[in-house]
2 protein chains.
Amino acid sequence: MTQTARPFELYDATLRDGMQGEGMSLSAEEKLRVALKLDELGVTLIEAGFPASNPKEQELFALLAQETWTHSTIAAFGMTRRRDLRADEDPSLRILADAFCDVTTIVGKTWGLHLEKVVRVDPAENLRLIADSVAFLVGEGKRVIYDAEHFFDAWRDDREYAHRCLRAAVEAGADTLTLCDTNGSSLPMQIHEAVSAVVAELGEHARIGIHAHDDTGCGVANSLLAVQAGATHVQGTTNGIGERTGNANLTTITADLQLKLGIAALPDGHLPKLTETAHFVDELLNRTPRPTQPYVGRNAFAHKGGLHIAGIRADASTFEHVDPVDVGNQREILVSELAGKGTVVEKAADAGLEVSDEQATRIIERVKELEHRGYHYEAADASFELLLRRETGVYEPLFRLESWRVIVEQRAGGRVETEATIKIWVGDERFVRTAEGNGPVHALDRALRDAIAGVHPHLADIELVNFKVRILDETKGTGAVTRVLIDASDGQRTWGTIGVGENLIGASWDALVESLAWAEQPGRAVAAPAPRGDAADDDAVPVAR
Amino acid sequence: MTQTARPFELYDATLRDGMQGEGMSLSAEEKLRVALKLDELGVTLIEAGFPASNPKEQELFALLAQETWTHSTIAAFGMTRRRDLRADEDPSLRILADAFCDVTTIVGKTWGLHLEKVVRVDPAENLRLIADSVAFLVGEGKRVIYDAEHFFDAWRDDREYAHRCLRAAVEAGADTLTLCDTNGSSLPMQIHEAVSAVVAELGEHARIGIHAHDDTGCGVANSLLAVQAGATHVQGTTNGIGERTGNANLTTITADLQLKLGIAALPDGHLPKLTETAHFVDELLNRTPRPTQPYVGRNAFAHKGGLHIAGIRADASTFEHVDPVDVGNQREILVSELAGKGTVVEKAADAGLEVSDEQATRIIERVKELEHRGYHYEAADASFELLLRRETGVYEPLFRLESWRVIVEQRAGGRVETEATIKIWVGDERFVRTAEGNGPVHALDRALRDAIAGVHPHLADIELVNFKVRILDETKGTGAVTRVLIDASDGQRTWGTIGVGENLIGASWDALVESLAWAEQPGRAVAAPAPRGDAADDDAVPVAR
C-alpha cells in the first residue's frame, strides 16, 4: 500500500478549529506565538484560518508570511465555492488562491441530510462544487487537503454517495482526503471500518486523513484506529480544545503514536517538547492546564503509597507505562499518610534540601500528626517544602506577627465593606498597615504586601490564582476544622499552600502567609517578572476573597 | 456465547479507586450520599472500599448496611491473602468475609514483573494466593469478583501465565474476572485482542470484565472495545476521577453503551439522570464540573453560529449526535423552553407550589441571569425553592436587615477571636445581638439565631453540616466571584443553599440566611427534633466557620 510510503503528518488545527471552543480567543500576535511554538515542536502542518478581509486575519497572515518556518507548513482554510458562482469568480476561493500559503484546506459537504436540510443543494450539484473548487486551487498551484465534513454520518447513511464525494475531490487533484467526524458521533470500530474501506479504494491516489471530535469520549482512540486502518494524516488541536467537548487531543495522539505505535510523528528527539508546548498554549489561552491530561498533566505520573514508590525504585516500568522524561514531564510523588521515608528524601532533594535519616523519620511523624489534624499536602507542595525547611532548620520567616484584624460589614442594600489591619515586625522594625479589599483574604493580602514590599519587592509579581475551602468533619470527636487551599503563581510557576484551623479567616491567613513565604525562601530562583502595565497594583490579586 | 446471556453490569468504583485521585476526599456521610445517588441512577455495583478497622471506614460500612438499596449492590474491596497466612487466618480476608456485603472484589497479581520486583512472590505461589483467597470468600457465601491487576501488561509479557492466573480464580469459584489495565498502558486494539482471547477461553465459565485507566487518553474506548470483544462488566468512576489521569470515565461509557451500542446498562428510563448524577458527585468533591465532558458537560451540546442553529431548527440530528434530553443535559444556545419549563413546574410541585406558565417563563429567565452571575442550583435545592417562592409571591423573609458586622483578630501566639453583631427587624421589633464564634459564619449564625429564637424556636434544631467555597473566574471580563455552598440539616433532611458574591463573608451570609429561611417557610413540615444532649446549645453548629 502506498500509504506506508508517505511520511506521517500531524495537522494542528488549534488556531482555526480550536478557536471555536467556548471562551477561546487569541490576538493575531498570540496566534503567531502559538504557531512558532508548534513549529518548534515540529508538527507537519498548522491550520491558520481563513485569510479573510478583516483586519485581524489580515494582520495574522501578514505576520505568518514574514516568518521562516523550520518544521511546519502553514495551511489556509476555506470552503467549496458558492453554488451561484464559478470557482474562479468566488471571492473566498480567490483569497485562498492569493494567500502566501502553499497548502490550502477546503471543507465540503458529504452528508445527504445536510444537503437537504441545511444548505439545500442537490447531491449532483454538490459533487460539482467539490470538483470545481479543488481543481481551481490545484490550478493555482496549491496542495489541496479536502476535508469531507460529516463523512462518517454520511458513510452510515449512504456509503456510495460518500465515496463519490471523495472521488470527486481526488479526480480534481486533491492530495489528501480528510475524513471528518464533525459531530463527534462515531465510535472507534466504526471509524476503523470506514477508514479501511476508503484506504482500500482511494489509498493509491490520495493520502487519507482523519479529523475527530471528543463527543463520545473517543477522539483520541478514533484517531488512532484511523491510523491503524491506514490514515497517515491526523488533524487535532493542542490539549484538545475546540467546540463542544473539543477536537481530538493532538497532544495525546502525538505521544500515543510515537511511544505506543512507533510512528515518527515528530522530528527525531522532539517529543520531550510536548509538555512545554501544551502548557504554553494553555497559558496563552489563560486556561489552567488540566492536571489529569495524559502524558503532559501534572498528575500524569503522580504516585502515592509506599508500595508504588518502592516499586518504582526497583524498576520504573512497574508503575509507569512510559518514561515521563520522554514527553518532557516528570514524576510527581504525592505526599500522603501512605508515604514513607523515601518520599520525604526525594521531595527534599527536589527542593534542593538535604535530609538526614533521623530528620526524615521526624518529618514523617510530623506529617502524620498534621494530616491527623486535617492537613493534606497533595495539593500543597509549597507548604510541604516549608515544613521540610522548618524541620531542617533552613526556614526563613517573612516577619514576626504582632497581630492582625479583619472587619467585614454590610448595611441593608449596601455593598459589603472589608478592612484589614496588620501589625508585624521585620527585624527590629515594626510595620502597621491597613488595607481595604474585595474580601477578607484580599484585604489581608494587600495589607501584608504593602508592609513588606520594601524588603521583598518580588512579591508584587505574585498572584493568588485559586482559593478553595472545605470543612473536614472526619474527626467528629474533636470538632470540625476548616481547610483552605491557595494556589499562587508568578506567571511561570504555580505553587500550592494549605491552612487548617477552626477559623476560616485564621486558616486563610496561614495559607496566604505560606504562599508568599515560599516565594521568598533563600536560594529560590524567582522568575523574572513578566512585562505588565502596573506591576505593583494590588488589583493584580484577582481571586482571593 | 454465554456472555450475551448475562445481564450487563456497570461497576462504579468512585468511592474506592476514585478516591486515589489527587486531592479527592469525602467523609463517610458524603460517601453515603454518593452511593445513594448512584443507586438512584441505577448502576449495578458500587465499590465502597475496604471495611477496615479504622473508625472512618467502620462508620461508612455501618451507614451503608442500614440503607435499603433499590438498584445497586454494594461491593467490599480487598486483596489476596498474605503469603505467610492461610486464607481463613488472614485478618483482611476475615474482615471481608464478615462485612455485610454479598459481593466482594479482590485484586491479585498477574504480571511477572510485579511478582519479581515489587512483591517478590514466586509465580506458582501467586497462583495459590489467588486460588485460596477466592475459594475462602466463595466458601463464606460471597459472590467474588476477581480483579486481575496489570492484566494487559502481563498478557503482553507472558500470555500463558496471565491465563493461568485467571484460571486459578475461576476454578476457585470466582464469578467475574476483571481484566485490569492498571497502568493505563494499553491501546484499544490491544484490549480488543486480549479480551477476545479471554472470552473465547473462559467466557463459558465466568463473566469477563474490564477496568481501564486514561493514561493514553483511551480509557473510554478501551472499555467499549472490551465490551465489543465480549466483556459484560465495566468498571470505572463517575466523571473519570482517579489517580494520575483518572479511571475510565463511567459517565461517558454509560451513555456510549446505551445510545451508541444499544446496551441496556441502566434500568429503563434512567439515562436522563446521568447529568445530574455527574454534577452531584463533582459538587460533593468541590470540583468544577468539566464543561467539555462528553454528554454531561455544559458545552457538550453548545452551538454557535447561525447555520448550526438554523440546521438544528430544521432537524436537530444535523448538528447533534444524540438528543441532550436523553442524558439529562440541554442544548446551550436554544435553551429548550419546554424542557426548562417542565423542570421548573416539576421542582415547584415537589415543593408544593403552583407555577403558572408565565411564571415558569420568568423563572427560567431569572435562573439564566443568576447562573450567568455564578449561581448554580444543582447542589442548592433549598435556594432554588426560595427563588421559586419569591417569583410566585409566597416567600416569607425571616427578617429585614439593618446591618451586620464581623470582626476577626489574632495576636501573636493567641487564638483567633471572632465576634459578629447583627441589627435586624422582625415586624416592628428591632433586634441587636452580638455573638462570638469559632469563625465568622459561626458567629453570624449564633447572633442571628439568638435574635430570632423567640419567633422561630425550631431553628435551634438545625445544624449547618457542610460549608464549601470555590472561586469562579470563568467570566474574565467581570472578574472573579466567590461561591459558597452550605448544607443544613434538621437530623432527618439535608438541604443545600448557595451564596455568590465578591466577598467571601457576604456570600456566606447570604447562603446562611437561606439555610434558615428555607426551614421556616410557611407550610414546611419541620422534623421533630432528634433526641440530643442539649438541643438549645449553640455549639450544636459544628461546621460553620
# chains A, B, ... in the order shown; residues from 1 in each chain; ligands from 1
>>> residues_around(residues="B:Phe399", least_positions_apart="4", cutoff="7 Å", atoms="only C-alpha atoms", output="ChimeraX atom specification")
/B:424-426
>>> residues_around(residues="A:Val455", least_positions_apart="2", cutoff="12 Å", atoms="only C-alpha atoms", output="VMD selection string")
chain A and resid 398 to 399 425 to 427 429 431 448 to 453 457 to 460 520
>>> residues_around(residues="stretch 484-500 of chain B", least_positions_apart="4", cutoff="10 Å", atoms="only C-alpha atoms", output="PyMOL selection string")
(chain A and resi 469-470) or (chain B and resi 283+286+370+373-386+458-472+504-516+518-519+526-531+541+543-544)
>>> write_last_selection(atoms="C-alpha atoms", output="tab-separated table (two decimals), in the first residue's frame")
chain	number	residue	atom	x	y	z
A	469	VAL	CA	-12.32	25.99	51.26
A	470	ARG	CA	-13.84	22.90	52.67
B	283	GLU	CA	-20.19	19.23	43.78
B	286	ASN	CA	-15.81	20.56	45.46
B	370	LEU	CA	-28.33	34.18	38.05
B	373	ARG	CA	-23.51	35.57	37.64
B	374	GLY	CA	-22.19	32.31	39.12
B	375	TYR	CA	-25.22	30.81	40.85
B	376	HIS	CA	-25.69	27.14	40.34
B	377	TYR	CA	-28.68	25.34	41.75
B	378	GLU	CA	-27.76	21.70	41.34
B	379	ALA	CA	-26.38	21.41	44.86
B	380	ALA	CA	-28.57	24.20	46.26
B	381	ASP	CA	-32.08	22.80	46.12
B	382	ALA	CA	-33.29	24.98	49.00
B	383	SER	CA	-32.08	28.18	47.33
B	384	PHE	CA	-33.86	27.13	44.16
B	385	GLU	CA	-37.08	26.62	46.09
B	386	LEU	CA	-36.73	30.05	47.71
B	458	HIS	CA	-37.40	25.37	65.66
B	459	LEU	CA	-34.20	26.92	64.35
B	460	ALA	CA	-32.42	25.59	67.42
B	461	ASP	CA	-32.72	22.12	65.85
B	462	ILE	CA	-30.91	22.94	62.66
B	463	GLU	CA	-27.24	22.24	62.15
B	464	LEU	CA	-25.02	23.57	59.42
B	465	VAL	CA	-23.39	20.35	58.31
B	466	ASN	CA	-21.23	21.46	55.42
B	467	PHE	CA	-19.65	24.61	54.05
B	468	LYS	CA	-17.72	24.85	50.80
B	469	VAL	CA	-16.13	27.74	48.96
B	470	ARG	CA	-14.83	27.99	45.44
B	471	ILE	CA	-13.65	30.86	43.29
B	472	LEU	CA	-15.21	31.15	39.87
B	504	LEU	CA	-16.42	35.61	50.98
B	505	ILE	CA	-18.27	36.69	54.13
B	506	GLY	CA	-21.06	38.40	52.20
B	507	ALA	CA	-21.66	35.29	50.10
B	508	SER	CA	-21.54	33.12	53.24
B	509	TRP	CA	-24.11	35.34	54.97
B	510	ASP	CA	-26.47	35.01	52.01
B	511	ALA	CA	-26.19	31.22	52.00
B	512	LEU	CA	-26.60	31.11	55.78
B	513	VAL	CA	-29.77	33.21	55.76
B	514	GLU	CA	-31.27	30.99	53.04
B	515	SER	CA	-30.45	27.85	55.07
B	516	LEU	CA	-32.52	29.12	57.96
B	518	TRP	CA	-35.92	27.58	53.92
B	519	ALA	CA	-36.68	25.71	57.12
B	526	VAL	CA	-40.39	20.74	60.37
B	527	ALA	CA	-38.97	17.48	61.53
B	528	ALA	CA	-39.32	16.64	65.15
B	529	PRO	CA	-36.09	17.45	66.91
B	530	ALA	CA	-33.86	14.43	67.12
B	531	PRO	CA	-33.01	13.43	70.67
B	541	VAL	CA	-23.48	24.17	64.94
B	543	VAL	CA	-19.03	23.27	60.99
B	544	ALA	CA	-19.80	26.84	60.02
>>> select_by_dssp(residues="stretch 414-499 of chain A", states="alpha helix (DSSP H)", output="number ranges by chain")
A: 440-452
>>> write_last_selection(atoms="N, CA and C atoms", output="mmCIF file, in the first residue's frame")
data_model
loop_
_atom_site.group_PDB
_atom_site.id
_atom_site.type_symbol
_atom_site.label_atom_id
_atom_site.label_comp_id
_atom_site.auth_asym_id
_atom_site.auth_seq_id
_atom_site.Cartn_x
_atom_site.Cartn_y
_atom_site.Cartn_z
ATOM 1 N N PRO A 440 -12.057 39.420 52.867
ATOM 2 C CA PRO A 440 -11.080 39.415 53.965
ATOM 3 C C PRO A 440 -9.673 38.982 53.550
ATOM 4 N N VAL A 441 -9.570 37.982 52.674
ATOM 5 C CA VAL A 441 -8.240 37.498 52.289
ATOM 6 C C VAL A 441 -7.548 38.533 51.407
ATOM 7 N N HIS A 442 -8.310 39.117 50.521
ATOM 8 C CA HIS A 442 -7.775 40.165 49.661
ATOM 9 C C HIS A 442 -7.249 41.333 50.494
ATOM 10 N N ALA A 443 -8.021 41.741 51.506
ATOM 11 C CA ALA A 443 -7.613 42.873 52.342
ATOM 12 C C ALA A 443 -6.361 42.530 53.146
ATOM 13 N N LEU A 444 -6.317 41.322 53.716
ATOM 14 C CA LEU A 444 -5.121 40.902 54.472
ATOM 15 C C LEU A 444 -3.901 40.856 53.557
ATOM 16 N N ASP A 445 -4.108 40.321 52.362
ATOM 17 C CA ASP A 445 -3.019 40.189 51.399
ATOM 18 C C ASP A 445 -2.454 41.565 51.034
ATOM 19 N N ARG A 446 -3.346 42.511 50.772
ATOM 20 C CA ARG A 446 -2.895 43.857 50.411
ATOM 21 C C ARG A 446 -2.123 44.503 51.553
ATOM 22 N N ALA A 447 -2.662 44.365 52.768
ATOM 23 C CA ALA A 447 -2.006 44.993 53.916
ATOM 24 C C ALA A 447 -0.620 44.390 54.128
ATOM 25 N N LEU A 448 -0.533 43.058 54.011
ATOM 26 C CA LEU A 448 0.732 42.376 54.259
ATOM 27 C C LEU A 448 1.777 42.735 53.198
ATOM 28 N N ARG A 449 1.362 42.710 51.938
ATOM 29 C CA ARG A 449 2.336 43.020 50.883
ATOM 30 C C ARG A 449 2.777 44.467 50.968
ATOM 31 N N ASP A 450 1.833 45.342 51.350
ATOM 32 C CA ASP A 450 2.171 46.751 51.499
ATOM 33 C C ASP A 450 3.258 46.891 52.566
ATOM 34 N N ALA A 451 3.114 46.150 53.668
ATOM 35 C CA ALA A 451 4.065 46.258 54.776
ATOM 36 C C ALA A 451 5.462 45.796 54.372
ATOM 37 N N ILE A 452 5.559 44.699 53.609
ATOM 38 C CA ILE A 452 6.884 44.116 53.371
ATOM 39 C C ILE A 452 7.393 44.354 51.950
#
>>> closest_residue(among="A:Asp256, A:Gln359, A:Glu436, A:Ala349", to="chain B", atoms="only C-alpha atoms")
A:Asp256
